[in-house]
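Okay, so here's the structure we're looking at.
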Amino acid sequence: MVPQIVRVDDRQFRLYIGQAKIEQEVTRIAGELERDFSAKDPIFMPILNGAFMFASDLFRKFDFPCQITFLKLASYSGTGSTGTVKQLIGINRELKDRVVVVLEDIVDTGITLETILRQLSGFQPAEVRVATFLHKPDCTIREVRLDYVGMEIPNDFVVGYGLDYNEYGRNLREIYQVVE
């Protein structure tokens, strides 16, 4: 049975998005990506740590030639964005003339994504697209194009399915919303 309330570190969270809805949205996005890129040999670039579950579920649905590489950035402390982006693992693949699909777990302020897109442009890819599992449009402060969005959610803090609170809770199969 799926718990309705979980404790992660020093906070409580209530069930927000169940496994079935997560699977449905991942399948939908995978279909859209396959339709758009199955003949283009894309390279997928999940942003660590949060996007690892989304990327894993998505990548296993593809039946076309593609590659994957990872980028690790940090911009959160506790439940809020720090407003600065720290690069921990950088781009280590040839991206010139390649189709790159950035995979994000969540886009909220857009600061991290704006930084990533600016860095990627220097590598001269043929095309860059962005797929995010969650989007918080009410707190987006940077103009960033999202090509594939799983779900839009309000500006509430969430955990699970790769998303964390103080580095805990990423392993939860569902997504939980903070209880204030």
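Here's how to read the names in the structure tokens: chain A, B, ... by the order shown, residue numbers from 1 in each chain, ligand numbers from 1 in the order shown.
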
Considering only C-alpha atoms, return as JSON, numbers by chain whatever protein or nucleic-acid residues lie within 7 Å of Val107 (chain A), sequence-local ones (same chain, fewer than 2 positions apart) excluded. {"A": [104, 109, 110, 132, 134, 135, 136]}

Export of prior selection with N, CA and C atoms as a PDB file, in the first residue's frame:
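As a result, again-v3.pdb now contains:
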```pdb
ATOM      1  N   GLU A 104      15.121  17.309 -17.557  1.00  0.00           N
ATOM      2  CA  GLU A 104      15.039  17.894 -16.221  1.00  0.00           C
ATOM      3  C   GLU A 104      13.958  17.192 -15.421  1.00  0.00           C
ATOM      4  N   THR A 109      12.301  28.116 -11.205  1.00  0.00           N
ATOM      5  CA  THR A 109      12.702  29.481 -11.547  1.00  0.00           C
ATOM      6  C   THR A 109      13.205  29.599 -12.982  1.00  0.00           C
ATOM      7  N   GLY A 110      13.796  28.536 -13.500  1.00  0.00           N
ATOM      8  CA  GLY A 110      14.372  28.557 -14.840  1.00  0.00           C
ATOM      9  C   GLY A 110      15.828  28.979 -14.863  1.00  0.00           C
ATOM     10  N   THR A 132      10.972  18.231 -19.514  1.00  0.00           N
ATOM     11  CA  THR A 132      10.941  18.244 -18.056  1.00  0.00           C
ATOM     12  C   THR A 132       9.738  17.452 -17.568  1.00  0.00           C
ATOM     13  N   LEU A 134       8.299  17.875 -14.485  1.00  0.00           N
ATOM     14  CA  LEU A 134       7.423  18.828 -13.796  1.00  0.00           C
ATOM     15  C   LEU A 134       7.818  20.254 -14.143  1.00  0.00           C
ATOM     16  N   HIS A 135       6.819  21.131 -14.150  1.00  0.00           N
ATOM     17  CA  HIS A 135       7.058  22.557 -14.361  1.00  0.00           C
ATOM     18  C   HIS A 135       6.196  23.340 -13.385  1.00  0.00           C
ATOM     19  N   LYS A 136       6.821  24.335 -12.748  1.00  0.00           N
ATOM     20  CA  LYS A 136       6.109  25.253 -11.845  1.00  0.00           C
ATOM     21  C   LYS A 136       6.029  26.622 -12.525  1.00  0.00           C
TER      22      LYS A 136
END
```

Residue neighbourhood Ala39 (chain A), 9 Å, only C-alpha atoms, exclusion window fewer than 5 positions, as an mmCIF file with N, CA and C atoms, in the first residue's frame:
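File written: selection10.cif
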```cif
data_model
loop_
_atom_site.group_PDB
_atom_site.id
_atom_site.type_symbol
_atom_site.label_atom_id
_atom_site.label_comp_id
_atom_site.auth_asym_id
_atom_site.auth_seq_id
_atom_site.Cartn_x
_atom_site.Cartn_y
_atom_site.Cartn_z
ATOM 1 N N GLU A 34 10.178 10.059 -29.367
ATOM 2 C CA GLU A 34 10.452 9.072 -30.409
ATOM 3 C C GLU A 34 9.937 9.572 -31.768
ATOM 4 N N PHE A 64 15.068 3.339 -30.602
ATOM 5 C CA PHE A 64 15.793 3.954 -31.703
ATOM 6 C C PHE A 64 17.207 4.288 -31.236
ATOM 7 N N PRO A 65 18.147 4.445 -32.160
ATOM 8 C CA PRO A 65 19.522 4.762 -31.780
ATOM 9 C C PRO A 65 19.598 6.118 -31.075
#
```

For Asp63 (chain A), work out the shell of residues within 12 Å, counting only C-alpha atoms and skipping chain neighbours fewer than 6 positions away, then give it as a VMD selection string. chain A and resid 30 to 31 33 to 35 37 to 39 41

Considering only C-alpha atoms, return as a PyMOL selection string whatever protein or nucleic-acid residues lie within 12 Å of Ile106 (chain A), sequence-local ones (same chain, fewer than 2 positions apart) excluded. chain A and resi 46-54+76+102-104+108-113+130-137+139-140+146+148-164+175

Take the residues from that selection and put them in a file with N, CA and C atoms, as a compact mmCIF listing (two decimals), in the first residue's frame.
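Writing done, so here's selection.txt:
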```txt
# COMPACT_ATOMS: atom_id res chain seq x y z
N PRO A 46 20.44 14.13 -19.17
CA PRO A 46 19.75 14.33 -17.90
C PRO A 46 20.58 15.20 -16.96
N ILE A 47 19.91 16.03 -16.19
CA ILE A 47 20.56 16.89 -15.22
C ILE A 47 20.48 16.19 -13.86
N LEU A 48 21.65 15.87 -13.32
CA LEU A 48 21.73 15.17 -12.04
C LEU A 48 21.65 16.16 -10.90
N ASN A 49 21.17 15.75 -9.76
CA ASN A 49 20.81 14.39 -9.42
C ASN A 49 19.35 14.08 -9.73
N GLY A 50 18.51 15.08 -9.75
CA GLY A 50 17.08 14.87 -9.77
C GLY A 50 16.50 14.13 -10.94
N ALA A 51 17.04 14.28 -12.13
CA ALA A 51 16.42 13.71 -13.33
C ALA A 51 16.77 12.25 -13.58
N PHE A 52 17.51 11.61 -12.67
CA PHE A 52 17.96 10.25 -12.96
C PHE A 52 16.81 9.26 -13.09
N MET A 53 15.77 9.36 -12.30
CA MET A 53 14.65 8.41 -12.39
C MET A 53 13.84 8.66 -13.67
N PHE A 54 13.54 9.90 -13.94
CA PHE A 54 12.82 10.28 -15.16
C PHE A 54 13.61 9.80 -16.38
N TYR A 76 19.96 24.21 -5.31
CA TYR A 76 19.00 24.17 -4.22
C TYR A 76 19.69 23.97 -2.89
N VAL A 102 17.83 17.96 -23.40
CA VAL A 102 18.07 18.13 -21.97
C VAL A 102 16.89 17.54 -21.23
N LEU A 103 17.16 16.71 -20.23
CA LEU A 103 16.11 16.11 -19.41
C LEU A 103 16.19 16.68 -18.00
N GLU A 104 15.12 17.31 -17.56
CA GLU A 104 15.04 17.89 -16.22
C GLU A 104 13.96 17.19 -15.42
N ASP A 108 11.55 25.20 -12.17
CA ASP A 108 10.80 26.17 -11.38
C ASP A 108 11.23 27.58 -11.76
N THR A 109 12.30 28.12 -11.20
CA THR A 109 12.70 29.48 -11.55
C THR A 109 13.21 29.60 -12.98
N GLY A 110 13.80 28.54 -13.50
CA GLY A 110 14.37 28.56 -14.84
C GLY A 110 15.83 28.98 -14.86
N ILE A 111 16.37 29.33 -13.70
CA ILE A 111 17.76 29.80 -13.63
C ILE A 111 18.74 28.70 -14.04
N THR A 112 18.57 27.51 -13.51
CA THR A 112 19.46 26.40 -13.86
C THR A 112 19.37 26.09 -15.34
N LEU A 113 18.17 25.99 -15.85
CA LEU A 113 17.99 25.66 -17.26
C LEU A 113 18.58 26.74 -18.16
N VAL A 130 14.23 20.67 -24.73
CA VAL A 130 14.13 20.47 -23.29
C VAL A 130 12.88 19.67 -22.97
N ALA A 131 13.08 18.59 -22.19
CA ALA A 131 11.96 17.81 -21.67
C ALA A 131 12.06 17.85 -20.15
N THR A 132 10.97 18.23 -19.51
CA THR A 132 10.94 18.24 -18.06
C THR A 132 9.74 17.45 -17.57
N PHE A 133 9.93 16.74 -16.48
CA PHE A 133 8.81 15.98 -15.96
C PHE A 133 7.80 16.92 -15.28
N LEU A 134 8.30 17.87 -14.49
CA LEU A 134 7.42 18.83 -13.80
C LEU A 134 7.82 20.25 -14.14
N HIS A 135 6.82 21.13 -14.15
CA HIS A 135 7.06 22.56 -14.36
C HIS A 135 6.20 23.34 -13.39
N LYS A 136 6.82 24.34 -12.75
CA LYS A 136 6.11 25.25 -11.85
C LYS A 136 6.03 26.62 -12.52
N PRO A 137 5.04 26.83 -13.38
CA PRO A 137 4.99 28.09 -14.13
C PRO A 137 4.84 29.33 -13.24
N CYS A 139 6.37 30.12 -10.59
CA CYS A 139 7.61 30.65 -10.00
C CYS A 139 8.72 30.81 -11.03
N THR A 140 8.41 30.64 -12.31
CA THR A 140 9.41 30.81 -13.36
C THR A 140 9.72 32.29 -13.53
N LEU A 146 10.30 25.26 -23.00
CA LEU A 146 10.12 23.86 -22.60
C LEU A 146 9.38 23.17 -23.73
N TYR A 148 8.81 19.73 -24.01
CA TYR A 148 8.02 18.58 -23.56
C TYR A 148 7.86 18.72 -22.05
N VAL A 149 6.61 18.76 -21.60
CA VAL A 149 6.32 18.93 -20.17
C VAL A 149 5.39 17.80 -19.73
N GLY A 150 5.80 17.09 -18.69
CA GLY A 150 4.94 16.04 -18.15
C GLY A 150 3.72 16.64 -17.48
N MET A 151 3.94 17.45 -16.45
CA MET A 151 2.84 18.06 -15.71
C MET A 151 3.23 19.44 -15.21
N GLU A 152 2.28 20.33 -15.18
CA GLU A 152 2.46 21.62 -14.51
C GLU A 152 1.87 21.50 -13.11
N ILE A 153 2.61 22.02 -12.14
CA ILE A 153 2.16 21.96 -10.74
C ILE A 153 2.27 23.34 -10.11
N PRO A 154 1.56 23.55 -9.00
CA PRO A 154 1.68 24.84 -8.31
C PRO A 154 3.05 24.96 -7.64
N ASN A 155 3.32 26.13 -7.11
CA ASN A 155 4.61 26.41 -6.48
C ASN A 155 4.67 25.83 -5.06
N ASP A 156 4.49 24.54 -4.94
CA ASP A 156 4.63 23.84 -3.67
C ASP A 156 5.86 22.94 -3.77
N PHE A 157 6.53 22.75 -2.65
CA PHE A 157 7.73 21.92 -2.65
C PHE A 157 7.32 20.45 -2.72
N VAL A 158 7.98 19.70 -3.63
CA VAL A 158 7.67 18.28 -3.81
C VAL A 158 8.94 17.45 -3.68
N VAL A 159 8.74 16.18 -3.36
CA VAL A 159 9.84 15.25 -3.15
C VAL A 159 9.43 13.89 -3.70
N GLY A 160 10.41 13.09 -4.08
CA GLY A 160 10.15 11.75 -4.60
C GLY A 160 10.38 11.69 -6.09
N TYR A 161 10.49 10.48 -6.63
CA TYR A 161 10.75 10.24 -8.04
C TYR A 161 11.97 11.05 -8.51
N GLY A 162 13.03 11.00 -7.71
CA GLY A 162 14.28 11.69 -8.03
C GLY A 162 14.43 13.04 -7.37
N LEU A 163 13.34 13.66 -6.99
CA LEU A 163 13.37 14.96 -6.32
C LEU A 163 13.68 14.77 -4.84
N ASP A 164 14.45 15.69 -4.27
CA ASP A 164 14.89 15.49 -2.89
C ASP A 164 14.54 16.66 -1.98
N ILE A 175 5.34 10.98 -5.99
CA ILE A 175 5.74 12.35 -5.69
C ILE A 175 4.84 12.84 -4.56
```

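Computed from the coordinates, the CA of Val26 (chain A) to CA of Lys61 (chain A) distance equals 8.9 Å.
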
Running DSSP on the backbone, which parts of chain A land in helix (DSSP H, G or I), as a PyMOL selection string? chain A and resi 19-37+52-59+111-121+137-139

Restricting it to C-alpha atoms, dump the selection as a PDB file, in the first residue's frame.
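For reference, out.pdb as written:
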```
ATOM      1  CA  GLN A  19       2.971   5.846  -9.823  1.00  0.00           C
ATOM      2  CA  ALA A  20       0.261   5.295 -12.444  1.00  0.00           C
ATOM      3  CA  LYS A  21       0.127   9.000 -13.360  1.00  0.00           C
ATOM      4  CA  ILE A  22       3.935   9.190 -13.441  1.00  0.00           C
ATOM      5  CA  GLU A  23       4.081   6.188 -15.793  1.00  0.00           C
ATOM      6  CA  GLN A  24       1.363   7.663 -18.014  1.00  0.00           C
ATOM      7  CA  GLU A  25       3.223  10.963 -18.436  1.00  0.00           C
ATOM      8  CA  VAL A  26       6.618   9.310 -19.017  1.00  0.00           C
ATOM      9  CA  THR A  27       5.059   7.102 -21.712  1.00  0.00           C
ATOM     10  CA  ARG A  28       3.439  10.125 -23.376  1.00  0.00           C
ATOM     11  CA  ILE A  29       6.694  12.121 -23.399  1.00  0.00           C
ATOM     12  CA  ALA A  30       8.654   9.099 -24.679  1.00  0.00           C
ATOM     13  CA  GLY A  31       6.210   8.774 -27.573  1.00  0.00           C
ATOM     14  CA  GLU A  32       6.599  12.445 -28.463  1.00  0.00           C
ATOM     15  CA  LEU A  33      10.396  12.220 -28.305  1.00  0.00           C
ATOM     16  CA  GLU A  34      10.452   9.072 -30.409  1.00  0.00           C
ATOM     17  CA  ARG A  35       8.195  10.718 -32.994  1.00  0.00           C
ATOM     18  CA  ASP A  36      10.436  13.787 -33.176  1.00  0.00           C
ATOM     19  CA  PHE A  37      13.903  12.214 -32.910  1.00  0.00           C
ATOM     20  CA  PHE A  52      17.958  10.248 -12.961  1.00  0.00           C
ATOM     21  CA  MET A  53      14.648   8.413 -12.394  1.00  0.00           C
ATOM     22  CA  PHE A  54      12.819  10.276 -15.163  1.00  0.00           C
ATOM     23  CA  ALA A  55      15.749   9.660 -17.527  1.00  0.00           C
ATOM     24  CA  SER A  56      15.943   5.967 -16.651  1.00  0.00           C
ATOM     25  CA  ASP A  57      12.227   5.374 -17.166  1.00  0.00           C
ATOM     26  CA  LEU A  58      12.200   7.422 -20.362  1.00  0.00           C
ATOM     27  CA  PHE A  59      15.352   5.939 -21.884  1.00  0.00           C
ATOM     28  CA  ILE A 111      17.764  29.799 -13.625  1.00  0.00           C
ATOM     29  CA  THR A 112      19.459  26.397 -13.855  1.00  0.00           C
ATOM     30  CA  LEU A 113      17.992  25.657 -17.262  1.00  0.00           C
ATOM     31  CA  GLU A 114      18.971  29.091 -18.588  1.00  0.00           C
ATOM     32  CA  THR A 115      22.559  28.407 -17.466  1.00  0.00           C
ATOM     33  CA  ILE A 116      22.574  24.982 -19.132  1.00  0.00           C
ATOM     34  CA  LEU A 117      21.200  26.287 -22.419  1.00  0.00           C
ATOM     35  CA  ARG A 118      23.745  29.106 -22.487  1.00  0.00           C
ATOM     36  CA  GLN A 119      26.591  26.609 -21.906  1.00  0.00           C
ATOM     37  CA  LEU A 120      25.277  24.216 -24.550  1.00  0.00           C
ATOM     38  CA  SER A 121      25.150  26.891 -27.234  1.00  0.00           C
ATOM     39  CA  PRO A 137       4.992  28.094 -14.132  1.00  0.00           C
ATOM     40  CA  ASP A 138       4.016  30.356 -11.200  1.00  0.00           C
ATOM     41  CA  CYS A 139       7.610  30.652 -10.001  1.00  0.00           C
TER      42      CYS A 139
END
```

To one decimal place in Å, what is the distance between CA of Pro42 (chain A) and CA of Cys66 (chain A)?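 Computing it gives 5.1 Å between the two atoms.
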
Pick out each residue of region 52-158 of chain A that DSSP on the backbone tags as strand (DSSP E); I need them as a ChimeraX atom specification. /A:67-68,71-77,80-89,99-107,127-135,148-152,158

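With distances restricted to only C-alpha atoms, A:Leu172 is the closest residue to Gly18 (chain A) from A:Val6, A:Val178, A:Val101, A:Leu172.
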
Could you jot down the CA of Tyr16 (chain A) to CA of Glu167 (chain A) separation for me, Å, one decimal place?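 These two atoms are separated by 19.2 Å.
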